[in-house]
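Notes follow the structure.
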Amino acid sequence: MSDRCESADCALVWLRRTLRLFDNPALTAALGSARTLLPVFIDAPGDPLTGSAGPAARTWLARSLEALDRSLAGRGARLTVLEGPALATLLGLAKETGARTVHADRLYDPTSQARDALLTRELSLAGITLHTHACSLLREPDAPLTAEGTPFRVFTAYHRACLRTNPLDGGPDGGVPAPRHIPTPCPTPGELARPLLADAPSLARAATDAPVRLLKQWEPGEEGARAAVDRFFAGPAHDYATGRDYPGIRGTSRLSPHLAFGEISPREIAALAPPAATAFVRQLYWREFAYYLMHHFPHSLDAPLRPEFLDFPWAHDPAGVEAWKTGRTGYPLVDAGMRELAAIGWMHNRVRMVVASFLTKDLLIPWQTGAAHFVHLLADADLANNALGWQWVAGSGADAAPYFRVFNPVLQGTRFDPGGDYVRTWVPELAALPNRFIHQPWAAPAQVLEEAGVSLGRTYPAPIVNHAEARERALASYGALRANRVTHRPR
DNA sequence: TGAAATGTTGGGGCG
DNA sequence: ACGCCCCAACATTTC
């Protein structure tokens, strides 16, 4: 970042979680407001999104920034990537370029909102205006409300209200077109000939120590995102309602990391969706609902939405947490999911529910422990989605599973991974077991185990808990909580 | 976006 | 032919 000559009329485009050119209202607004633009990404230490991200998300981010830079290069601009505190970095760039305006994509988590409010004040002292633009959602998260004017807490009611008030969110085109040319201050950043991540050493490191398997399956960036959408809508989307439940096949969209980094907008996805994909579009509204809940109940990122769960008798079980994290619980479907997560920074959604149920109900570990682990390992880490999902499973959240709903990892396995493909992929030491025992190796006769080369407790762990007993324990805990609430109810 | 226990029914074997 | 038992299959209730 040097030698950029001052432009009479330059605006900064501060991209955070909108790493794309199509349907990017921040970019469009900046183009309309200034003669030249400087697109910038700031890797700020302690940033609530990128700062707490784990290696998979950091690697994805680095790759996505490289892709964005290539797209910008095709339109006469380049991406500037800097590491440092947001305020100082923006002030430095503003001074260099003479920019008095910053256009950014809006962030919705409470920490980012507080930071943006602070930045708005601090920047205005230097004569700089910060504008944030709605980029990430089908609709802003304050609406709709119930007839009483309160936020919905049940998804189906929320979803119905969304469809009633605006059935075609984002319009038929899926958003504003990508600009054909992006004028930049002179000299163009491309002429500076600096490697993209030279001034963001932490991201440069992340770009090189990639979880390789992740990169084999996914292509970070706007182009890769659009290709993934096309592939999905051409095939799996048509059988999504059932296919999405089978972790052994490609039945889901696998769009979550693309969406998390804003490489493609949900408006564009909704506009491209074929009529047969309504079940999938409904899932986009689950994402909307997560942001809606985060907006109306910001405390629900870290604390139970339903306050009676503050009294829940969670267990302290470091050994159990460790077995869960490392995929050594002795329940093949749970272990397969946790190993998939560790290996590629992603996990099939049905399996996310199963492992979350196992942690919170079989082991009685607070959902926040699991949520933090997910945020650290998932390439698609999204605070709103993550908290909603975990609270849903734990029973403490909106539209929550009733407290007595406990997933049986064996039944879930036989039902949704009947051929055992998923388990065999991620728990190879069980691969030779016949289907009948692949989800419950402890039930196999000694001879079958021996023929499959499985020795429980040596090559693969024996179950760390008995699920039937654990289920009873969970029901008792949740039952006590319910009784508690009744006796404590104010009169 | 659950699972297990309990209840019901109907067919077939058998005395 | 008939009643009885068993059990699978399905439905309902309960946690």
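Order determines the names: the first chain of the structure tokens is A, the second B, and so forth; residues in each chain are numbered 1 upward, and ligands are numbered 1 upward as they are shown.
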- request: Report as a list in words the set of chain B residues whose atoms approach chain A to within 10 Å, with distances computed over only C-alpha atoms (C1' of nucleotides).
  value: DT1, DG2, DA3 and DA4 of chain B
- request: Please identify every residue of chain A that has at least one atom no more than 10 Å from any atom of chain C, counting only C-alpha atoms (C1' of nucleotides), and report them as number ranges by chain.
  value: A: 403-405, 472, 475-476, 479
Keeping only N, CA and C atoms, write those residues as a PDB file, in the first residue's frame.
```
ATOM      1  N   TYR A 403     -38.032 -31.384  24.312  1.00  0.00           N
ATOM      2  CA  TYR A 403     -36.891 -31.848  25.115  1.00  0.00           C
ATOM      3  C   TYR A 403     -36.717 -33.354  25.008  1.00  0.00           C
ATOM      4  N   PHE A 404     -37.809 -34.073  24.680  1.00  0.00           N
ATOM      5  CA  PHE A 404     -37.733 -35.528  24.684  1.00  0.00           C
ATOM      6  C   PHE A 404     -37.259 -36.088  23.343  1.00  0.00           C
ATOM      7  N   ARG A 405     -36.979 -35.201  22.415  1.00  0.00           N
ATOM      8  CA  ARG A 405     -36.539 -35.687  21.098  1.00  0.00           C
ATOM      9  C   ARG A 405     -35.038 -35.972  21.132  1.00  0.00           C
ATOM     10  N   GLU A 472     -32.395 -42.170  28.783  1.00  0.00           N
ATOM     11  CA  GLU A 472     -33.159 -42.063  30.025  1.00  0.00           C
ATOM     12  C   GLU A 472     -32.633 -40.916  30.881  1.00  0.00           C
ATOM     13  N   LEU A 475     -33.741 -37.629  29.393  1.00  0.00           N
ATOM     14  CA  LEU A 475     -35.168 -37.388  29.638  1.00  0.00           C
ATOM     15  C   LEU A 475     -35.398 -36.950  31.073  1.00  0.00           C
ATOM     16  N   ALA A 476     -34.670 -37.586  32.008  1.00  0.00           N
ATOM     17  CA  ALA A 476     -34.823 -37.215  33.420  1.00  0.00           C
ATOM     18  C   ALA A 476     -34.379 -35.770  33.645  1.00  0.00           C
ATOM     19  N   GLY A 479     -36.834 -33.472  32.025  1.00  0.00           N
ATOM     20  CA  GLY A 479     -38.084 -33.536  32.773  1.00  0.00           C
ATOM     21  C   GLY A 479     -38.011 -32.710  34.040  1.00  0.00           C
TER      22      GLY A 479
END
```
task: Quick one: pick out all alpha helix (DSSP H) residues within stretch 96-331 of chain A from a backbone DSSP run and write them as an MDAnalysis selection string.
output: chainID A and resid 96:97 110:125 155:165 201:208 212:217 222:234 240:243 256:260 266:272 278:296 318:326
Gap from atom CA of A:Pro434 to atom CA of A:Glu340 - Å, one decimal: 21.4 Å
Quick one: residues within 6 Å of stretch 72-82 of chain A, only C-alpha atoms (C1' of nucleotides), excluding same-chain residues fewer than 4 positions away - as an mmCIF file with N, CA and C atoms, in the first residue's frame?
```cif
data_model
loop_
_atom_site.group_PDB
_atom_site.id
_atom_site.type_symbol
_atom_site.label_atom_id
_atom_site.label_comp_id
_atom_site.auth_asym_id
_atom_site.auth_seq_id
_atom_site.Cartn_x
_atom_site.Cartn_y
_atom_site.Cartn_z
ATOM 1 N N PRO A 39 -11.424 -1.233 -3.924
ATOM 2 C CA PRO A 39 -11.981 -2.377 -3.185
ATOM 3 C C PRO A 39 -10.944 -2.907 -2.201
ATOM 4 N N VAL A 40 -11.370 -3.118 -0.972
ATOM 5 C CA VAL A 40 -10.413 -3.527 0.060
ATOM 6 C C VAL A 40 -11.019 -4.589 0.962
ATOM 7 N N PHE A 41 -10.171 -5.522 1.379
ATOM 8 C CA PHE A 41 -10.526 -6.458 2.448
ATOM 9 C C PHE A 41 -9.537 -6.249 3.578
ATOM 10 N N ILE A 42 -10.063 -6.205 4.805
ATOM 11 C CA ILE A 42 -9.203 -5.983 5.971
ATOM 12 C C ILE A 42 -9.259 -7.204 6.877
ATOM 13 N N HIS A 181 -16.920 -2.342 -15.741
ATOM 14 C CA HIS A 181 -15.603 -1.721 -15.537
ATOM 15 C C HIS A 181 -15.589 -0.999 -14.188
ATOM 16 N N ILE A 182 -14.498 -1.137 -13.477
ATOM 17 C CA ILE A 182 -14.370 -0.499 -12.170
ATOM 18 C C ILE A 182 -13.160 0.437 -12.209
ATOM 19 N N THR A 184 -10.303 2.811 -11.019
ATOM 20 C CA THR A 184 -9.550 2.857 -9.771
ATOM 21 C C THR A 184 -8.678 4.105 -9.721
ATOM 22 N N PRO A 189 -3.977 -0.398 -8.721
ATOM 23 C CA PRO A 189 -3.291 -1.291 -7.787
ATOM 24 C C PRO A 189 -2.570 -2.422 -8.503
ATOM 25 N N GLY A 190 -3.056 -2.808 -9.666
ATOM 26 C CA GLY A 190 -2.398 -3.868 -10.410
ATOM 27 C C GLY A 190 -0.963 -3.491 -10.783
ATOM 28 N N ASP A 199 0.548 -8.026 2.201
ATOM 29 C CA ASP A 199 0.345 -7.185 3.381
ATOM 30 C C ASP A 199 -0.628 -7.808 4.381
ATOM 31 N N ALA A 200 -0.923 -9.074 4.200
ATOM 32 C CA ALA A 200 -1.786 -9.810 5.140
ATOM 33 C C ALA A 200 -1.132 -11.156 5.422
#
```
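Here atom CA of A:Ser112 and atom CA of A:Ala53 stand 14.5 Å from one another.
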Within 10 Å of A:Gly370, counting only C-alpha atoms (C1' of nucleotides), which residues qualify if same-chain residues fewer than 2 places away don't, as a short mmCIF file (atom, residue, chain, number, x, y, z; two decimals) with C-alpha atoms, in the first residue's frame?
```cif
data_model
loop_
_atom_site.label_atom_id
_atom_site.label_comp_id
_atom_site.auth_asym_id
_atom_site.auth_seq_id
_atom_site.Cartn_x
_atom_site.Cartn_y
_atom_site.Cartn_z
CA VAL A 321 -15.94 -33.86 24.90
CA TRP A 324 -16.65 -36.42 20.61
CA LYS A 325 -14.22 -33.93 19.07
CA VAL A 355 -23.59 -35.37 16.54
CA ALA A 356 -25.19 -32.34 18.20
CA LEU A 359 -23.17 -34.14 22.62
CA THR A 360 -26.07 -32.33 24.26
CA ILE A 365 -22.55 -31.19 27.43
CA PRO A 366 -23.66 -27.54 27.02
CA TRP A 367 -24.50 -26.74 23.41
CA GLN A 368 -22.13 -23.76 23.53
CA ALA A 372 -17.64 -23.18 19.58
CA HIS A 373 -16.02 -26.32 18.20
CA PHE A 374 -18.10 -26.08 15.03
CA VAL A 375 -17.22 -22.40 14.54
CA HIS A 376 -13.56 -23.24 14.86
CA ASN A 386 -24.70 -22.21 14.05
CA ALA A 387 -26.41 -20.90 17.17
CA TRP A 390 -27.41 -25.95 18.18
#
```
Distance in Å - atom CA of A:Pro55 versus atom CA of A:Arg254: 18.8 Å
task: List every residue of stretch 113-235 of chain A that DSSP, applied to the backbone of this structure, places in strand (DSSP E), and write the result as a list in words.
output: Thr129, Leu130, His131, Thr132 and His133 of chain A
Given the selection you just returned, output its residues as a file containing N, CA and C atoms, formatted as a CSV table (one decimal), in the first residue's frame.
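Listing of part_6.csv after writing:
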```
chain,number,residue,atom,x,y,z
A,129,THR,N,-17.5,9.2,5.8
A,129,THR,CA,-18.8,8.6,6.0
A,129,THR,C,-18.8,7.1,5.7
A,130,LEU,N,-19.3,6.3,6.7
A,130,LEU,CA,-19.4,4.8,6.5
A,130,LEU,C,-20.9,4.5,6.1
A,131,HIS,N,-21.1,3.9,4.9
A,131,HIS,CA,-22.4,3.4,4.5
A,131,HIS,C,-22.4,1.9,4.5
A,132,THR,N,-23.4,1.3,5.2
A,132,THR,CA,-23.5,-0.2,5.0
A,132,THR,C,-24.7,-0.5,4.2
A,133,HIS,N,-24.6,-1.6,3.4
A,133,HIS,CA,-25.6,-1.9,2.4
A,133,HIS,C,-26.1,-3.4,2.7
```
field: Residue contacts of A:Arg115 (12 Å, only C-alpha atoms (C1' of nucleotides)) excluding same-chain residues fewer than 6 positions away, as a PyMOL selection string
entry: chain A and resi 44+46-48+85-87+106-109+121-123+130
- request: Point out the residue among A:Arg436, A:Arg267, A:Arg306, A:Arg58 with the least atom-to-atom distance to A:Gly175, counting only C-alpha atoms.
  value: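 Among the listed residues, the smallest separation from A:Gly175 belongs to A:Arg267.
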